[in-house]
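I have placed the structure first, in the form of structure tokens, so that the comments after it can refer back to it.
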Amino acid sequence: MSADNSDAGYRKIKAANWSIVKLMDSPARAKWTIDNPNAGDTASRGMLRAVHALTLEPHAFADAFAVCDMRRDARSKGYQDFLAANEGKTILSEREHDDAATIAAIVRADPVAGPLITSPDARAEVSLLWTDEVTGIECKGRADLIITPADPALPIWVYDLKTVRDIDASVMGRDAVRMGYLGQLAHYAAGVEALNPGREVRAGIIAVTGSAPHEVAVLHLDSAMIGAGEAKRRPLLDRYAECVRADSWPARYTTPVYLDVPDWAYPDLSADDSADFGGDHE
């Protein structure tokens, strides 16, 4: 684990994190993101970070966030003074803060998620730093929650907190594939395993809906799901290593490719009709 566990310290570490690795279908895009780390920051992402902070580390919220009770007008001297006094912090409106605090309170009060977060064996916002054995590349990850029981016979659990549209297990299963959650948790699990040799590591998601009534679910991944995430992660990490060593970050495609058109876009052809579309005929 990193000696400096702060978010600022984590961001300074030059290593492969999941946010970059998942973009390696297009190395050029990944490199642009590396060179422009704050380009994608938005108010909505600030709100999500606030939910994480108030849920997992409420005691440290004021160190990274400031709540503005005035109109955020760049032309206003009062607002400019407020920004100067809170340089480096994420600025929230009162409404954003109240919404984030509501969600955090519901998660912490949940009878399943709450005890995980407040467990004496739990650590929140843990910076992981390890060397990938296959490529020799330095990797990093910022795990939302790691629970390490004192008994080495018990597994270590790594959880990611997600604000989601629906906690239904089947919906979350599809979203976990589509949004790359499986690869992300496989990345974190690899880091925890590297730092705890011989210890079983398991993974899960603490999910809360962004819309009221803010339903909460703790969703576990089995070994096959982590395996599927690793099957996605490994070739991307291998490609990252190749790009780093060659100092070359090509675009997604380096040769012409055919369009990948969905089946439903094609007409429903019978055998007799197929000749009109170049089908085999005598």
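Following the order of the structure tokens, first chain is A, next is B, and so on, with residues numbered from 1 inside each chain and ligands from 1 in the order they appear.
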
Contacts of A:Ala30 at 12 Å or less, counting only C-alpha atoms, minus same-chain residues fewer than 5 places along, as a PDB file with C-alpha atoms, in the first residue's frame?
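Okay, out_11.pdb is ready:
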ATOM      1  CA  ALA A  16      -1.440   1.956 -14.260  1.00  0.00           C
ATOM      2  CA  ASN A  17      -4.839   2.433 -12.657  1.00  0.00           C
ATOM      3  CA  TRP A  18      -8.122   1.035 -13.941  1.00  0.00           C
ATOM      4  CA  SER A  19      -9.325   4.409 -15.225  1.00  0.00           C
ATOM      5  CA  ILE A  20      -6.458   4.332 -17.740  1.00  0.00           C
ATOM      6  CA  VAL A  21      -6.230   0.590 -18.368  1.00  0.00           C
ATOM      7  CA  LYS A  22      -9.904   0.377 -19.371  1.00  0.00           C
ATOM      8  CA  LEU A  23      -9.235   2.893 -22.172  1.00  0.00           C
ATOM      9  CA  MET A  24      -6.500   0.792 -23.788  1.00  0.00           C
ATOM     10  CA  ASP A  25      -8.787  -0.291 -26.637  1.00  0.00           C
ATOM     11  CA  ASP A  35      -1.772  13.924 -20.025  1.00  0.00           C
ATOM     12  CA  ASN A  36      -5.052  15.689 -19.172  1.00  0.00           C
ATOM     13  CA  PRO A  37      -6.113  14.154 -15.836  1.00  0.00           C
ATOM     14  CA  LEU A 236      -5.554  -4.221 -21.804  1.00  0.00           C
ATOM     15  CA  LEU A 237      -2.831  -4.118 -19.149  1.00  0.00           C
ATOM     16  CA  ARG A 239      -1.104  -3.466 -24.189  1.00  0.00           C
ATOM     17  CA  TYR A 240      -0.513  -0.626 -21.733  1.00  0.00           C
ATOM     18  CA  CYS A 243       2.828   1.233 -25.185  1.00  0.00           C
ATOM     19  CA  VAL A 244       4.837   2.432 -22.199  1.00  0.00           C
ATOM     20  CA  SER A 248       3.975   4.733 -28.752  1.00  0.00           C
ATOM     21  CA  TRP A 249       0.237   5.229 -28.297  1.00  0.00           C
ATOM     22  CA  PRO A 250      -1.554   4.363 -31.568  1.00  0.00           C
ATOM     23  CA  ALA A 251      -5.180   5.098 -32.361  1.00  0.00           C
ATOM     24  CA  ARG A 252      -7.858   2.444 -31.958  1.00  0.00           C
TER      25      ARG A 252
END

**Message:** Quick one: residues within 7 Å of stretch 148-164 of chain A, only C-alpha atoms, excluding same-chain residues fewer than 3 positions away - as an MDAnalysis selection string?
**Reply:** chainID A and resid 121:122 143:145 167 189 199:210

Dump as a compact mmCIF listing (two decimals), in the first residue's frame, selection limited to N, CA and C atoms:
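Wrote it out as part.txt, contents follow:
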# COMPACT_ATOMS: atom_id res chain seq x y z
N ASP A 121 -12.55 -3.85 11.22
CA ASP A 121 -11.57 -4.42 10.29
C ASP A 121 -11.54 -3.67 8.95
N ALA A 122 -12.37 -2.62 8.81
CA ALA A 122 -12.50 -1.93 7.53
C ALA A 122 -11.60 -0.72 7.45
N ALA A 143 -9.08 1.72 -3.66
CA ALA A 143 -10.23 0.91 -3.28
C ALA A 143 -11.10 1.67 -2.30
N ASP A 144 -12.41 1.65 -2.53
CA ASP A 144 -13.32 2.36 -1.65
C ASP A 144 -13.32 1.78 -0.24
N LEU A 145 -13.34 0.46 -0.14
CA LEU A 145 -13.42 -0.17 1.18
C LEU A 145 -12.72 -1.52 1.13
N ILE A 167 -30.77 -1.22 -8.38
CA ILE A 167 -29.98 -2.21 -7.63
C ILE A 167 -30.35 -3.64 -7.96
N ALA A 189 -8.68 -6.46 -6.84
CA ALA A 189 -8.38 -7.75 -6.22
C ALA A 189 -6.95 -8.18 -6.49
N ARG A 199 -3.34 -14.96 0.73
CA ARG A 199 -4.62 -14.66 1.37
C ARG A 199 -5.73 -14.65 0.30
N GLU A 200 -6.86 -15.29 0.61
CA GLU A 200 -7.99 -15.25 -0.31
C GLU A 200 -8.56 -13.84 -0.35
N VAL A 201 -8.88 -13.39 -1.56
CA VAL A 201 -9.46 -12.05 -1.75
C VAL A 201 -10.78 -12.19 -2.48
N ARG A 202 -11.81 -11.54 -1.95
CA ARG A 202 -13.11 -11.55 -2.59
C ARG A 202 -13.56 -10.11 -2.81
N ALA A 203 -14.59 -9.94 -3.65
CA ALA A 203 -14.96 -8.58 -4.06
C ALA A 203 -16.47 -8.42 -4.11
N GLY A 204 -16.90 -7.17 -3.96
CA GLY A 204 -18.32 -6.87 -4.03
C GLY A 204 -18.57 -5.40 -4.33
N ILE A 205 -19.82 -5.08 -4.54
CA ILE A 205 -20.26 -3.72 -4.83
C ILE A 205 -21.29 -3.31 -3.78
N ILE A 206 -21.10 -2.14 -3.20
CA ILE A 206 -22.13 -1.52 -2.38
C ILE A 206 -22.83 -0.52 -3.30
N ALA A 207 -24.06 -0.83 -3.66
CA ALA A 207 -24.79 -0.04 -4.65
C ALA A 207 -25.92 0.74 -3.99
N VAL A 208 -26.09 2.00 -4.41
CA VAL A 208 -27.19 2.82 -3.93
C VAL A 208 -27.76 3.58 -5.13
N THR A 209 -29.07 3.62 -5.23
CA THR A 209 -29.68 4.33 -6.35
C THR A 209 -29.55 5.83 -6.17
N GLY A 210 -29.25 6.52 -7.25
CA GLY A 210 -29.09 7.97 -7.19
C GLY A 210 -30.39 8.70 -7.00

**Prompt:** How far is it from atom CA of A:Leu221 to atom CA of A:Gly173, in Å with one decimal?
**Reply:**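 A separation of 9.5 Å between them.
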
**Prompt:** Which of stretch 210-251 of chain A counts as alpha helix (DSSP H) under DSSP, as a PyMOL selection string please?
**Reply:** chain A and resi 223-246

Write out, as a tab-separated table (two decimals), in the first residue's frame, the residues just selected, with N, CA and C atoms.
chain	number	residue	atom	x	y	z
A	223	SER	N	-16.07	-16.15	-8.01
A	223	SER	CA	-14.74	-16.26	-8.63
A	223	SER	C	-14.82	-16.23	-10.15
A	224	ALA	N	-15.91	-16.75	-10.72
A	224	ALA	CA	-16.06	-16.73	-12.18
A	224	ALA	C	-16.21	-15.30	-12.69
A	225	MET	N	-16.91	-14.46	-11.93
A	225	MET	CA	-17.10	-13.06	-12.33
A	225	MET	C	-15.77	-12.30	-12.28
A	226	ILE	N	-15.00	-12.55	-11.21
A	226	ILE	CA	-13.68	-11.92	-11.14
A	226	ILE	C	-12.80	-12.44	-12.27
A	227	GLY	N	-12.94	-13.73	-12.59
A	227	GLY	CA	-12.19	-14.29	-13.72
A	227	GLY	C	-12.54	-13.61	-15.03
A	228	ALA	N	-13.84	-13.32	-15.22
A	228	ALA	CA	-14.27	-12.63	-16.42
A	228	ALA	C	-13.70	-11.21	-16.46
A	229	GLY	N	-13.66	-10.56	-15.30
A	229	GLY	CA	-13.06	-9.23	-15.23
A	229	GLY	C	-11.57	-9.26	-15.53
A	230	GLU	N	-10.89	-10.28	-15.04
A	230	GLU	CA	-9.46	-10.42	-15.30
A	230	GLU	C	-9.20	-10.73	-16.77
A	231	ALA	N	-10.10	-11.51	-17.40
A	231	ALA	CA	-9.95	-11.80	-18.82
A	231	ALA	C	-10.07	-10.54	-19.66
A	232	LYS	N	-10.84	-9.58	-19.21
A	232	LYS	CA	-10.94	-8.28	-19.88
A	232	LYS	C	-9.73	-7.41	-19.55
A	233	ARG	N	-9.32	-7.43	-18.29
A	233	ARG	CA	-8.23	-6.55	-17.81
A	233	ARG	C	-6.87	-6.95	-18.38
A	234	ARG	N	-6.58	-8.24	-18.41
A	234	ARG	CA	-5.21	-8.68	-18.74
A	234	ARG	C	-4.72	-8.20	-20.10
A	235	PRO	N	-5.46	-8.40	-21.21
A	235	PRO	CA	-4.93	-7.91	-22.49
A	235	PRO	C	-4.80	-6.40	-22.55
A	236	LEU	N	-5.66	-5.69	-21.83
A	236	LEU	CA	-5.55	-4.22	-21.80
A	236	LEU	C	-4.30	-3.79	-21.04
A	237	LEU	N	-4.03	-4.45	-19.92
A	237	LEU	CA	-2.83	-4.12	-19.15
A	237	LEU	C	-1.58	-4.49	-19.93
A	238	ASP	N	-1.61	-5.62	-20.63
A	238	ASP	CA	-0.47	-6.03	-21.46
A	238	ASP	C	-0.21	-4.98	-22.55
A	239	ARG	N	-1.27	-4.47	-23.14
A	239	ARG	CA	-1.10	-3.47	-24.19
A	239	ARG	C	-0.57	-2.16	-23.60
A	240	TYR	N	-1.03	-1.81	-22.42
A	240	TYR	CA	-0.51	-0.63	-21.73
A	240	TYR	C	1.00	-0.76	-21.55
A	241	ALA	N	1.44	-1.93	-21.09
A	241	ALA	CA	2.87	-2.16	-20.88
A	241	ALA	C	3.65	-2.00	-22.18
A	242	GLU	N	3.10	-2.53	-23.28
A	242	GLU	CA	3.76	-2.40	-24.58
A	242	GLU	C	3.88	-0.93	-25.00
A	243	CYS	N	2.82	-0.17	-24.79
A	243	CYS	CA	2.83	1.23	-25.18
A	243	CYS	C	3.81	2.04	-24.36
A	244	VAL	N	3.88	1.74	-23.06
A	244	VAL	CA	4.84	2.43	-22.20
A	244	VAL	C	6.26	2.16	-22.65
A	245	ARG	N	6.57	0.91	-22.92
A	245	ARG	CA	7.94	0.54	-23.29
A	245	ARG	C	8.34	1.07	-24.65
A	246	ALA	N	7.37	1.11	-25.58
A	246	ALA	CA	7.67	1.62	-26.93
A	246	ALA	C	7.49	3.12	-27.02

**Message:** Measuring between only C-alpha atoms, which one of A:Leu195, A:Ala39, A:Ile34, A:Ala217 shows the shortest distance to A:Leu116?
**Reply:**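 Distance minimum relative to A:Leu116 lands on A:Ala217.
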
**Length of the atom CA of A:Arg11 to atom CA of A:Ala176 vector [Å]** = 24.8 Å
